[in-house]
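*Asks:* If it helps, the file is called upload_19.txt and holds compact mmCIF, C-alpha atoms and all ligand atoms:
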# COMPACT_ATOMS: atom_id res chain seq x y z
CA MET Y 608 -44.75 -28.56 30.54
CA ALA Y 609 -48.44 -27.75 31.17
CA ILE Y 610 -49.90 -29.13 34.39
CA ARG Y 611 -52.51 -31.80 33.65
CA SER Y 612 -55.43 -32.49 35.96
CA TYR Y 613 -58.13 -35.16 35.72
CA ILE Y 614 -61.38 -33.50 36.79
CA SER Y 615 -63.64 -34.90 34.06
CA VAL Y 616 -63.32 -37.64 31.46
CA ASP Y 617 -63.25 -34.72 29.00
CA ASP Y 618 -59.72 -33.90 30.18
CA PHE Y 619 -58.06 -36.75 28.28
CA ALA Y 620 -58.02 -37.61 24.59
CA THR Y 621 -59.50 -40.97 23.61
CA GLU Y 622 -56.04 -42.32 22.69
CA GLU Y 623 -54.83 -41.46 26.20
CA PHE Y 624 -57.49 -43.72 27.69
CA LEU Y 625 -56.42 -46.56 25.42
CA GLN Y 626 -52.78 -45.99 26.44
CA LEU Y 627 -53.86 -46.01 30.10
CA PHE Y 628 -55.64 -49.35 29.60
CA THR Y 629 -52.54 -50.90 28.03
CA HIS Y 630 -50.34 -49.50 30.78
CA THR Y 631 -52.75 -50.74 33.48
CA ALA Y 632 -52.71 -54.27 32.04
CA GLU Y 633 -48.91 -54.20 32.02
CA ILE Y 634 -48.80 -52.98 35.64
CA LYS Y 635 -51.23 -55.68 36.73
CA LYS Y 636 -49.22 -58.42 35.01
CA ASN Y 637 -45.87 -57.21 36.32
CA LEU Y 638 -47.14 -56.77 39.88
CA ALA Y 639 -48.49 -60.32 39.89
CA MET Y 640 -44.93 -61.52 39.27
CA ASN Y 641 -43.10 -58.96 41.41
CA ARG Y 642 -44.91 -56.85 44.02
CA ALA Y 643 -41.90 -54.49 44.17
CA ALA Y 644 -41.78 -53.89 40.41
CA TYR Y 645 -42.88 -50.23 40.58
CA LEU Y 646 -41.46 -49.09 43.92
CA ASP Y 647 -38.99 -46.71 42.31
CA LYS Y 648 -41.64 -44.78 40.34
CA LEU Y 649 -42.80 -42.33 43.03
CA CYS Y 650 -39.70 -42.45 45.19
CA GLY Y 651 -39.47 -39.05 46.94
CA ILE Y 652 -42.97 -38.03 45.78
CA LEU Y 653 -45.71 -37.01 48.19
CA GLY Y 654 -49.39 -36.76 47.22
CA GLY Y 655 -52.11 -34.93 49.17
CA MET Y 656 -55.62 -36.34 49.64
CA MET Y 657 -58.67 -34.48 50.97
CA PHE Y 658 -62.02 -36.23 51.19
CA TYR Y 659 -65.07 -34.24 52.30
CA GLU Y 660 -67.34 -37.28 51.74
CA PRO Y 661 -67.02 -40.90 52.97
CA SER Y 662 -65.06 -43.40 50.91
CA THR Y 663 -63.80 -46.97 51.16
CA ARG Y 664 -62.56 -48.03 47.71
CA THR Y 665 -61.51 -44.75 46.14
CA SER Y 666 -59.43 -43.50 49.07
CA GLY Y 667 -58.13 -47.02 49.79
CA SER Y 668 -57.10 -47.74 46.23
CA PHE Y 669 -55.40 -44.36 45.85
CA GLU Y 670 -53.42 -45.09 49.00
CA LYS Y 671 -52.54 -48.60 47.80
CA ALA Y 672 -51.63 -47.24 44.34
CA VAL Y 673 -49.27 -44.62 45.78
CA LYS Y 674 -47.67 -47.17 48.12
CA ARG Y 675 -47.19 -49.71 45.30
CA LEU Y 676 -45.45 -46.92 43.39
CA GLY Y 677 -43.14 -46.26 46.32
CA GLY Y 678 -44.57 -42.80 47.05
CA GLN Y 679 -46.20 -41.33 50.12
CA LEU Y 680 -49.62 -39.87 50.79
CA TYR Y 681 -50.64 -37.12 53.17
CA ASP Y 682 -54.28 -37.98 53.96
CA PHE Y 683 -55.74 -34.77 55.36
CA ASN Y 684 -58.10 -35.35 58.29
CA ILE Y 685 -61.06 -33.01 57.64
CA ALA Y 686 -62.84 -33.84 60.90
CA ALA Y 687 -59.93 -32.67 63.07
CA SER Y 688 -59.03 -29.65 60.92
CA SER Y 689 -59.77 -25.93 60.72
CA VAL Y 690 -62.60 -26.75 58.30
CA ALA Y 691 -64.66 -26.80 61.52
CA LYS Y 692 -63.61 -23.16 62.07
CA GLY Y 693 -64.98 -22.20 58.67
CA GLU Y 694 -61.87 -22.38 56.46
CA SER Y 695 -62.87 -22.36 52.79
CA VAL Y 696 -62.33 -25.33 50.48
CA LEU Y 697 -59.95 -23.35 48.28
CA ASP Y 698 -57.81 -22.21 51.23
CA THR Y 699 -57.81 -25.74 52.62
CA ALA Y 700 -56.81 -27.14 49.21
CA CYS Y 701 -53.89 -24.68 49.00
CA MET Y 702 -52.70 -25.83 52.43
CA VAL Y 703 -53.05 -29.56 51.71
CA ALA Y 704 -51.39 -29.16 48.30
CA GLY Y 705 -48.46 -27.16 49.68
CA GLY Y 706 -45.26 -29.21 49.50
CA THR Y 707 -46.89 -32.09 47.63
CA GLU Y 708 -46.73 -33.16 43.98
CA PHE Y 709 -50.42 -33.93 43.30
CA LEU Y 710 -53.78 -33.55 45.05
CA ILE Y 711 -56.72 -35.97 45.18
CA VAL Y 712 -60.07 -34.38 46.09
CA ARG Y 713 -63.56 -35.66 46.91
CA HIS Y 714 -66.17 -33.02 47.62
CA PRO Y 715 -69.97 -32.66 47.45
CA GLN Y 716 -69.85 -29.47 45.36
CA GLN Y 717 -69.92 -29.88 41.60
CA GLY Y 718 -67.27 -27.73 39.89
CA ILE Y 719 -64.97 -27.44 42.91
CA GLY Y 720 -62.22 -29.61 41.37
CA ARG Y 721 -61.78 -27.21 38.46
CA GLN Y 722 -61.72 -24.23 40.84
CA ILE Y 723 -59.01 -25.92 42.92
CA ALA Y 724 -57.00 -26.78 39.82
CA ASN Y 725 -57.12 -23.09 38.86
CA VAL Y 726 -55.51 -21.95 42.12
CA ILE Y 727 -52.84 -24.59 42.76
CA ASN Y 728 -49.99 -25.50 40.45
CA ILE Y 729 -49.94 -29.29 40.75
CA PRO Y 730 -52.20 -31.93 39.11
CA VAL Y 731 -55.63 -32.32 40.73
CA ILE Y 732 -57.54 -35.59 40.56
CA ASN Y 733 -61.31 -35.58 41.03
CA ALA Y 734 -62.16 -38.54 43.27
CA GLY Y 735 -65.94 -37.91 43.10
CA GLU Y 736 -67.79 -34.62 43.01
CA GLY Y 737 -71.34 -34.52 44.41
CA THR Y 738 -73.85 -35.59 41.76
CA GLY Y 739 -71.45 -34.59 38.97
CA GLU Y 740 -68.63 -36.86 37.83
CA HIS Y 741 -66.40 -39.59 39.22
CA PRO Y 742 -63.86 -39.88 36.40
CA THR Y 743 -61.38 -42.27 38.05
CA GLN Y 744 -64.25 -44.72 38.60
CA ALA Y 745 -65.11 -44.51 34.87
CA LEU Y 746 -61.46 -45.19 34.08
CA LEU Y 747 -61.44 -48.38 36.13
CA ASP Y 748 -64.89 -49.36 34.85
CA MET Y 749 -63.95 -49.04 31.18
CA TYR Y 750 -60.60 -50.71 31.84
CA THR Y 751 -62.45 -53.66 33.40
CA ILE Y 752 -64.72 -53.89 30.35
CA TRP Y 753 -61.73 -53.68 28.00
CA GLU Y 754 -59.93 -56.37 30.03
CA ARG Y 755 -62.95 -58.68 29.93
CA PHE Y 756 -64.04 -58.22 26.30
CA ASN Y 757 -60.82 -57.05 24.69
CA LYS Y 758 -62.83 -54.16 23.23
CA THR Y 759 -64.98 -51.28 24.48
CA GLN Y 760 -67.74 -51.37 21.85
CA VAL Y 761 -70.19 -53.18 24.14
CA ARG Y 762 -73.82 -52.86 25.27
CA ILE Y 763 -74.04 -51.60 28.84
CA GLY Y 764 -77.16 -51.57 31.02
CA LEU Y 765 -76.80 -48.77 33.59
CA MET Y 766 -79.27 -49.50 36.37
CA GLY Y 767 -80.37 -47.72 39.55
CA ASP Y 768 -80.25 -44.08 40.59
CA LEU Y 769 -78.95 -42.62 37.34
CA LEU Y 770 -80.02 -39.11 38.27
CA HIS Y 771 -77.66 -38.76 41.23
CA GLY Y 772 -75.11 -41.51 40.51
CA ARG Y 773 -71.89 -39.78 39.48
CA THR Y 774 -70.22 -43.04 38.47
CA CYS Y 775 -72.92 -43.49 35.81
CA HIS Y 776 -72.46 -39.91 34.58
CA SER Y 777 -68.76 -40.40 33.96
CA LEU Y 778 -69.30 -43.90 32.57
CA ILE Y 779 -71.86 -42.89 29.95
CA LYS Y 780 -69.53 -40.11 28.79
CA LEU Y 781 -66.41 -42.25 28.62
CA GLY Y 782 -68.25 -45.29 27.26
CA ALA Y 783 -69.84 -43.20 24.50
CA ARG Y 784 -66.41 -41.90 23.52
CA LEU Y 785 -65.13 -45.46 23.31
CA GLY Y 786 -68.02 -46.79 21.21
CA ALA Y 787 -70.28 -48.37 23.86
CA HIS Y 788 -74.09 -48.23 23.71
CA PHE Y 789 -76.30 -47.77 26.76
CA PHE Y 790 -79.61 -48.99 28.14
CA CYS Y 791 -80.56 -46.63 31.01
CA ILE Y 792 -82.65 -48.67 33.44
CA ALA Y 793 -84.22 -46.53 36.18
CA PRO Y 794 -87.53 -45.39 37.65
CA ILE Y 795 -88.67 -42.34 35.62
CA ALA Y 796 -87.90 -39.99 38.53
CA LEU Y 797 -84.29 -41.23 38.69
CA GLN Y 798 -83.44 -41.40 34.98
CA MET Y 799 -80.18 -40.23 33.45
CA PRO Y 800 -80.02 -36.41 33.16
CA LYS Y 801 -80.68 -35.17 29.62
CA GLU Y 802 -77.29 -33.45 29.33
CA TYR Y 803 -75.44 -36.78 29.60
CA ILE Y 804 -77.76 -38.46 27.10
CA ALA Y 805 -77.25 -35.54 24.70
CA TYR Y 806 -73.46 -35.80 25.14
CA ALA Y 807 -73.49 -39.53 24.38
CA GLU Y 808 -75.87 -39.22 21.42
CA SER Y 809 -73.80 -36.44 19.90
CA LEU Y 810 -71.01 -39.03 19.59
CA GLY Y 811 -73.26 -41.52 17.80
CA CYS Y 812 -73.98 -43.58 20.91
CA ILE Y 813 -77.38 -45.31 21.04
CA VAL Y 814 -79.09 -44.64 24.38
CA SER Y 815 -82.49 -46.03 25.36
CA ALA Y 816 -84.50 -45.67 28.58
CA HIS Y 817 -86.20 -48.56 30.41
CA GLU Y 818 -87.90 -49.10 33.74
CA THR Y 819 -87.04 -52.77 34.19
CA ALA Y 820 -83.90 -54.79 33.47
CA GLU Y 821 -85.93 -57.77 32.26
CA GLU Y 822 -86.79 -55.80 29.08
CA VAL Y 823 -83.16 -55.76 27.96
CA ALA Y 824 -81.31 -58.42 30.02
CA GLY Y 825 -80.85 -60.75 27.03
CA GLU Y 826 -79.05 -58.03 25.04
CA LEU Y 827 -76.52 -56.94 27.65
CA ASP Y 828 -72.78 -57.42 27.67
CA VAL Y 829 -72.58 -55.56 30.98
CA LEU Y 830 -75.14 -54.97 33.70
CA TYR Y 831 -73.85 -52.03 35.78
CA ILE Y 832 -76.03 -51.82 38.88
CA THR Y 833 -75.78 -48.91 41.32
CA ARG Y 834 -77.29 -48.13 44.72
CA LEU Y 835 -79.95 -45.56 45.46
CA GLN Y 836 -78.01 -42.40 46.41
CA LYS Y 837 -80.10 -41.92 49.57
CA GLU Y 838 -77.98 -39.04 50.86
CA ARG Y 839 -78.71 -37.07 47.66
CA LEU Y 840 -82.43 -37.80 47.24
CA PRO Y 841 -85.01 -35.07 47.79
CA GLN Y 842 -87.00 -35.68 51.01
CA ALA Y 843 -90.18 -36.93 49.27
CA LEU Y 844 -88.33 -39.61 47.29
CA ARG Y 845 -86.23 -40.59 50.30
CA SER Y 846 -89.35 -41.17 52.38
CA GLN Y 847 -90.94 -43.15 49.54
CA TYR Y 848 -87.93 -45.46 49.17
CA GLU Y 849 -87.54 -45.81 52.94
CA ILE Y 850 -91.00 -47.36 52.93
CA GLU Y 851 -90.72 -49.29 49.66
CA GLY Y 852 -87.01 -50.25 49.75
CA SER Y 853 -84.69 -50.05 46.76
CA PRO Y 854 -86.49 -50.01 43.38
CA TYR Y 855 -84.28 -52.88 42.15
CA ASN Y 856 -82.81 -56.09 43.45
CA VAL Y 857 -80.57 -58.02 41.10
CA THR Y 858 -80.85 -61.75 41.87
CA PRO Y 859 -79.78 -64.97 40.15
CA ALA Y 860 -83.26 -64.99 38.56
CA LEU Y 861 -82.35 -61.87 36.56
CA LEU Y 862 -78.89 -63.19 35.71
CA ALA Y 863 -80.60 -66.22 34.20
CA HIS Y 864 -81.88 -63.91 31.44
CA MET Y 865 -78.42 -62.51 30.69
CA PRO Y 866 -75.97 -63.97 28.15
CA VAL Y 867 -73.42 -66.45 29.57
CA GLU Y 868 -70.53 -64.27 28.43
CA SER Y 869 -71.93 -61.07 30.01
CA ILE Y 870 -70.72 -59.56 33.29
CA VAL Y 871 -72.26 -57.80 36.27
CA MET Y 872 -70.52 -54.68 37.60
CA HIS Y 873 -71.20 -52.39 40.55
CA PRO Y 874 -69.15 -49.38 41.69
CA LEU Y 875 -69.94 -50.41 45.31
CA PRO Y 876 -70.92 -50.02 48.10
CA ARG Y 877 -73.95 -52.23 47.58
CA VAL Y 878 -76.93 -51.94 49.88
CA ASP Y 879 -79.98 -53.98 48.87
CA GLU Y 880 -79.95 -53.66 45.06
CA LEU Y 881 -77.59 -56.60 44.39
CA SER Y 882 -78.14 -59.91 46.13
CA VAL Y 883 -75.11 -61.66 47.67
CA GLU Y 884 -76.44 -64.82 45.99
CA CYS Y 885 -75.05 -63.40 42.73
CA ASP Y 886 -71.50 -63.39 44.11
CA THR Y 887 -70.78 -67.01 43.17
CA ASP Y 888 -71.91 -66.51 39.55
CA PRO Y 889 -68.81 -66.37 37.29
CA ARG Y 890 -70.33 -63.25 35.73
CA ALA Y 891 -70.02 -61.32 39.02
CA TRP Y 892 -67.12 -58.98 38.26
CA TYR Y 893 -67.61 -56.27 40.89
CA PHE Y 894 -64.81 -57.30 43.23
CA LYS Y 895 -62.36 -57.70 40.33
CA GLN Y 896 -63.58 -54.30 39.12
CA ALA Y 897 -62.84 -52.72 42.51
CA GLU Y 898 -59.34 -54.22 42.60
CA ASN Y 899 -58.67 -52.80 39.15
CA GLY Y 900 -59.05 -49.40 40.83
CA ILE Y 901 -55.56 -49.83 42.26
CA TYR Y 902 -53.87 -50.60 38.93
CA THR Y 903 -55.74 -47.96 36.91
CA ARG Y 904 -54.89 -45.31 39.54
CA MET Y 905 -51.23 -46.38 39.44
CA ALA Y 906 -51.29 -45.79 35.68
CA LEU Y 907 -53.19 -42.50 36.07
CA ILE Y 908 -50.82 -40.98 38.64
CA GLN Y 909 -47.79 -41.85 36.51
CA HIS Y 910 -49.51 -40.39 33.45
CA LEU Y 911 -50.35 -37.09 35.17
CA LEU Y 912 -46.81 -36.77 36.54
CA SER Y 913 -45.34 -37.76 33.14
CA LEU Y 914 -43.38 -40.61 34.75
N1 LIG W 1 -68.55 -45.19 45.55
C1 LIG W 1 -69.24 -44.57 44.45
C2 LIG W 1 -69.24 -43.07 44.60
O1 LIG W 1 -68.53 -42.51 45.42
C3 LIG W 1 -70.61 -45.14 44.26
C4 LIG W 1 -71.61 -44.89 45.37
O2 LIG W 1 -71.29 -44.31 46.40
O3 LIG W 1 -72.75 -45.33 45.16
O4 LIG W 1 -69.94 -42.39 43.86
Translate the structure of the given file into structure tokens.
Ligand code: ASP
*Replies:*
Amino acid sequence: MAIRSYISVDDFATEEFLQLFTHTAEIKKNLAMNRAAYLDKLCGILGGMMFYEPSTRTSGSFEKAVKRLGGQLYDFNIAASSVAKGESVLDTACMVAGGTEFLIVRHPQQGIGRQIANVINIPVINAGEGTGEHPTQALLDMYTIWERFNKTQVRIGLMGDLLHGRTCHSLIKLGARLGAHFFCIAPIALQMPKEYIAYAESLGCIVSAHETAEEVAGELDVLYITRLQKERLPQALRSQYEIEGSPYNVTPALLAHMPVESIVMHPLPRVDELSVECDTDPRAWYFKQAENGIYTRMALIQHLLSL
């Protein structure tokens, strides 16, 4: 059977995403009743994980997912490795992948996941690639929307640093494929790259650009706020935002303009763009969203390994 990798949301058919959502919901329900329900799934299976960028949720939820499936994870420690001696990413990937059944990779270089998948013969999962894509985040994001609304044909306001935010890049692609429409809310200098807008529009998705959330708040099913990607900003913009602070700050005052049945999402971490005062609003879904990362990744790993 051909080896499947998940480097971009383009790697799966639309029906596969819908199957993954159904499977995720089933996993979540079964685990709530019996935490040991899936322990036999990855028995004897070892995954490799190499993260060249910091992570809290993605690495943590992959580890939790593998453990809930009864498998094991070899989490490669970059800092203490021969990477410091100049070993290439591809050589390192071959070493980490050796003797394992799948490899999870986070790296700042766009395109590296596909290169790795071409040289190793196990499934590769892209856990975030520079300013490119973050397809497992889009999976958990669209699952969360499907869980909340029982459909994916919703109106999503993507807000923040849409130029560098890889979660937004994968989300607009996957959302467009699943019938969502998008309001891209960002300062002009940080708007969604044209290639992603073109991709979405080619699928019949309606995409509009805005500078403030107030313009569209009343029409949103989902407000998806993201942080300024400070580490990826060119120096001039970084200095500007260091002085001015984040261009946005979602507060209860903004939520007051949003429909009662809408939700607020955030891929996290948050910095200063989403006030903690929003956390007690029933529409704050970002922590539920993050937890869904465990269940969607459990479904994803089983899918890639055909289990
Ligand atoms: N955790 C997400 C990512 O790795 C979002 C972020 O860092 O802003 O892209």
*Asks:* Go through Y:Leu827, Y:Leu770, Y:Leu646, Y:Leu914 and flag the residue nearest ligand LIG 1 (chain W), using only C-alpha atoms and all ligand atoms for the distances.
*Replies:* Y:Leu770
*Asks:* Taking 3 positions as the minimum chain separation for residues in the same chain, which residues sit within 12 Å of stretch 860-869 of chain Y when counting all atoms listed in the file? Answer as a PyMOL selection string.
*Replies:* chain Y and resi 752+755-756+761-764+819-831+855-857+872+881-882+884-892
*Asks:* Which residue gives the smallest distance to ligand LIG 1 (chain W) among Y:Ser815, Y:Gln909, Y:Ser846, Y:Thr665, with all atoms listed in the file counted?
*Replies:*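 Using all atoms listed in the file, ligand LIG 1 (chain W) sits closest to Y:Thr665.
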*Asks:* For chain Y versus ligand LIG 1 (chain W), which residues have an atom no more than 10 Å away, and what is each residue's nearest atom pair and distance in Å rounded to one decimal, using all atoms listed in the file, chain-then-number order, as a tab-separated table?
*Replies:*
residue	atom	partner	partner_atom	distance
Y:Glu660	CA	W:LIG1	O1	8.3
Y:Pro661	CA	W:LIG1	O1	7.9
Y:Ser662	CA	W:LIG1	O1	6.6
Y:Thr663	CA	W:LIG1	N1	7.6
Y:Arg664	CA	W:LIG1	N1	7.0
Y:Thr665	CA	W:LIG1	N1	7.1
Y:Ser666	CA	W:LIG1	O1	9.9
Y:Arg713	CA	W:LIG1	O1	8.6
Y:Ala734	CA	W:LIG1	O1	7.8
Y:Gly735	CA	W:LIG1	O1	5.8
Y:Glu736	CA	W:LIG1	O4	8.1
Y:Gly737	CA	W:LIG1	O4	8.0
Y:Thr738	CA	W:LIG1	O4	8.1
Y:Gly739	CA	W:LIG1	O4	9.3
Y:Glu740	CA	W:LIG1	O4	8.3
Y:His741	CA	W:LIG1	O4	6.5
Y:Pro742	CA	W:LIG1	O4	9.9
Y:Gln744	CA	W:LIG1	C1	7.7
Y:Gly767	CA	W:LIG1	O3	9.8
Y:Asp768	CA	W:LIG1	O3	8.9
Y:His771	CA	W:LIG1	O4	8.9
Y:Gly772	CA	W:LIG1	O4	6.2
Y:Arg773	CA	W:LIG1	O4	5.5
Y:Thr774	CA	W:LIG1	O4	5.4
Y:Cys775	CA	W:LIG1	O4	8.7
Y:His776	CA	W:LIG1	O4	9.9
Y:Ile832	CA	W:LIG1	O3	9.6
Y:Thr833	CA	W:LIG1	O3	6.1
Y:Arg834	CA	W:LIG1	O3	5.4
Y:Leu835	CA	W:LIG1	O3	7.2
Y:Gln836	CA	W:LIG1	O3	6.1
Y:Lys837	CA	W:LIG1	O3	9.2
Y:Glu838	CA	W:LIG1	O2	9.6
Y:His873	CA	W:LIG1	C3	8.2
Y:Pro874	CA	W:LIG1	C3	5.2
Y:Leu875	CA	W:LIG1	N1	5.4
Y:Pro876	CA	W:LIG1	O3	5.8
Y:Arg877	CA	W:LIG1	O3	7.4
Y:Val878	CA	W:LIG1	O3	9.1
Y:Ala897	CA	W:LIG1	N1	9.9
*Asks:* Using all atoms listed in the file, which of Y:Ala686, Y:Gln717, Y:Leu710, Y:Asp879 sits nearest Y:Phe669?
*Replies:*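 Going through Y:Ala686, Y:Gln717, Y:Leu710, Y:Asp879 one by one, the smallest distance to Y:Phe669 is for Y:Leu710.
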*Asks:* Work out how far atom CA of Y:Pro800 is from atom CA of Y:Arg845, in Å to one decimal.
*Replies:*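 Going from atom CA of Y:Arg845 over to atom CA of Y:Pro800, I get 18.7 Å.
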*Asks:* What does the structure give for the distance between atom CA of Y:Asn757 and atom CA of Y:Glu622, in Å to one decimal?
*Replies:*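 Atom CA of Y:Glu622 lies at a distance of 15.6 Å from atom CA of Y:Asn757.
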*Asks:* Can you work out the spacing between atom CA of Y:Asn728 and atom CA of Y:Ile634 in Å, to one decimal?
*Replies:* 27.9 Å
*Asks:* Hey, could you pull the box centre and edge lengths for stretch 871-887 of chain Y, axis-aligned, 3 Å padding per side, all listed atoms, to one decimal in Å, as lines of an AutoDock Vina configuration file?
*Replies:*
center_x = -74.6
center_y = -58.2
center_z = 43.1
size_x = 16.8
size_y = 23.6
size_z = 19.6
*Asks:* Measuring atom to atom with all atoms listed in the file, identify which of Y:Ile732, Y:Leu912, Y:Ile901, Y:Ala805 is nearest to Y:Asp748.
*Replies:*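 Of Y:Ile732, Y:Leu912, Y:Ile901, Y:Ala805, the one nearest Y:Asp748, counting all atoms listed in the file, is Y:Ile901.
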*Asks:* So which residues touch Y:Ala793 within 7 Å, counting only C-alpha atoms, skipping near sequence neighbours fewer than 2 positions away, as a list of chain:residue names?
*Replies:*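 Final neighbour list, sorted by chain and number: Y:Met766, Y:Gly767, Y:Asp768, Y:Leu769, Y:Cys791, Y:Ile795, Y:Leu797, Y:Gln798, Y:His817, Y:Glu818.
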*Asks:* Identify, on the basis of only C-alpha atoms, every residue whose closest approach to stretch 722-727 of chain Y does not exceed 12 Å; exclude the query and any residue fewer than 6 positions from it along the same chain; express the result as a VMD selection string.
*Replies:* chain Y and resid 610 to 615 657 695 to 714 716 733
*Asks:* Using only C-alpha atoms, which residue out of Y:Met608, Y:Thr858, Y:Tyr659, Y:Thr759 lies closest to Y:Ile719?
*Replies:*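 Among the listed residues, Y:Tyr659 lies closest to Y:Ile719.
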*Asks:* Counting only C-alpha atoms, figure out which residue out of Y:Leu778, Y:Pro730, Y:Ile792, Y:Leu747 gets nearest to Y:Ser668.
*Replies:*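 The answer is Y:Leu747, which sits nearest to Y:Ser668.
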*Asks:* List the spatial neighbours of Y:Ala644 as a ChimeraX atom specification - criterion: any atom at most 12 Å away, all atoms listed in the file, same-chain residues fewer than 4 positions off excluded.
*Replies:* /Y:633-640,648-649,674-677
*Asks:* Please write as a PDB file with C-alpha atoms, keeping the file's coordinate frame the list of polymer residues whose atoms come within 12 Å of (-74.6, -37.3, 23.4), counting all atoms listed in the file and keeping to the coordinates of the file.
*Replies:*
ATOM      1  CA  HIS Y 776     -72.460 -39.910  34.580  1.00  0.00           C
ATOM      2  CA  ILE Y 779     -71.860 -42.890  29.950  1.00  0.00           C
ATOM      3  CA  LYS Y 780     -69.530 -40.110  28.790  1.00  0.00           C
ATOM      4  CA  LEU Y 781     -66.410 -42.250  28.620  1.00  0.00           C
ATOM      5  CA  GLY Y 782     -68.250 -45.290  27.260  1.00  0.00           C
ATOM      6  CA  ALA Y 783     -69.840 -43.200  24.500  1.00  0.00           C
ATOM      7  CA  ARG Y 784     -66.410 -41.900  23.520  1.00  0.00           C
ATOM      8  CA  GLY Y 786     -68.020 -46.790  21.210  1.00  0.00           C
ATOM      9  CA  ALA Y 787     -70.280 -48.370  23.860  1.00  0.00           C
ATOM     10  CA  HIS Y 788     -74.090 -48.230  23.710  1.00  0.00           C
ATOM     11  CA  PHE Y 789     -76.300 -47.770  26.760  1.00  0.00           C
ATOM     12  CA  MET Y 799     -80.180 -40.230  33.450  1.00  0.00           C
ATOM     13  CA  PRO Y 800     -80.020 -36.410  33.160  1.00  0.00           C
ATOM     14  CA  LYS Y 801     -80.680 -35.170  29.620  1.00  0.00           C
ATOM     15  CA  GLU Y 802     -77.290 -33.450  29.330  1.00  0.00           C
ATOM     16  CA  TYR Y 803     -75.440 -36.780  29.600  1.00  0.00           C
ATOM     17  CA  ILE Y 804     -77.760 -38.460  27.100  1.00  0.00           C
ATOM     18  CA  ALA Y 805     -77.250 -35.540  24.700  1.00  0.00           C
ATOM     19  CA  TYR Y 806     -73.460 -35.800  25.140  1.00  0.00           C
ATOM     20  CA  ALA Y 807     -73.490 -39.530  24.380  1.00  0.00           C
ATOM     21  CA  GLU Y 808     -75.870 -39.220  21.420  1.00  0.00           C
ATOM     22  CA  SER Y 809     -73.800 -36.440  19.900  1.00  0.00           C
ATOM     23  CA  LEU Y 810     -71.010 -39.030  19.590  1.00  0.00           C
ATOM     24  CA  GLY Y 811     -73.260 -41.520  17.800  1.00  0.00           C
ATOM     25  CA  CYS Y 812     -73.980 -43.580  20.910  1.00  0.00           C
ATOM     26  CA  ILE Y 813     -77.380 -45.310  21.040  1.00  0.00           C
ATOM     27  CA  VAL Y 814     -79.090 -44.640  24.380  1.00  0.00           C
ATOM     28  CA  SER Y 815     -82.490 -46.030  25.360  1.00  0.00           C
TER      29      SER Y 815
END
*Asks:* Neighbours of Y:Glu623 within 12 Å (all atoms listed in the file; same-chain residues fewer than 6 positions away dropped), as number ranges by chain?
*Replies:* Y: 613, 616-617, 629-631, 746, 781, 784-785, 906-907, 910-911
*Asks:* Can stretch 815-826 of chain Y be brought up to N, CA and C atoms and written out as a JSON list (two decimals), in the frame of the given file?
*Replies:*
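Okay, out-v9.json is ready:
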[["chain", "number", "residue", "atom", "x", "y", "z"],
["Y", 815, "SER", "N", -81.04, -45.84, 25.21],
["Y", 815, "SER", "CA", -82.49, -46.03, 25.36],
["Y", 815, "SER", "C", -82.84, -46.11, 26.84],
["Y", 816, "ALA", "N", -84.07, -45.70, 27.17],
["Y", 816, "ALA", "CA", -84.50, -45.67, 28.58],
["Y", 816, "ALA", "C", -85.49, -46.80, 28.85],
["Y", 817, "HIS", "N", -85.35, -47.42, 30.02],
["Y", 817, "HIS", "CA", -86.20, -48.56, 30.41],
["Y", 817, "HIS", "C", -86.48, -48.48, 31.90],
["Y", 818, "GLU", "N", -87.60, -49.09, 32.30],
["Y", 818, "GLU", "CA", -87.90, -49.10, 33.74],
["Y", 818, "GLU", "C", -87.53, -50.42, 34.39],
["Y", 819, "THR", "N", -87.43, -51.48, 33.59],
["Y", 819, "THR", "CA", -87.04, -52.77, 34.19],
["Y", 819, "THR", "C", -85.89, -53.40, 33.40],
["Y", 820, "ALA", "N", -85.05, -54.14, 34.11],
["Y", 820, "ALA", "CA", -83.90, -54.79, 33.47],
["Y", 820, "ALA", "C", -84.34, -55.98, 32.62],
["Y", 821, "GLU", "N", -85.47, -56.59, 32.99],
["Y", 821, "GLU", "CA", -85.93, -57.77, 32.26],
["Y", 821, "GLU", "C", -86.13, -57.46, 30.78],
["Y", 822, "GLU", "N", -86.54, -56.19, 30.48],
["Y", 822, "GLU", "CA", -86.79, -55.80, 29.08],
["Y", 822, "GLU", "C", -85.57, -55.97, 28.20],
["Y", 823, "VAL", "N", -84.38, -55.81, 28.79],
["Y", 823, "VAL", "CA", -83.16, -55.76, 27.96],
["Y", 823, "VAL", "C", -82.09, -56.78, 28.38],
["Y", 824, "ALA", "N", -82.35, -57.54, 29.44],
["Y", 824, "ALA", "CA", -81.31, -58.42, 30.02],
["Y", 824, "ALA", "C", -80.62, -59.29, 28.97],
["Y", 825, "GLY", "N", -81.40, -59.84, 28.03],
["Y", 825, "GLY", "CA", -80.85, -60.75, 27.03],
["Y", 825, "GLY", "C", -79.88, -60.08, 26.07],
["Y", 826, "GLU", "N", -79.90, -58.75, 26.02],
["Y", 826, "GLU", "CA", -79.05, -58.03, 25.04],
["Y", 826, "GLU", "C", -77.79, -57.44, 25.66]]
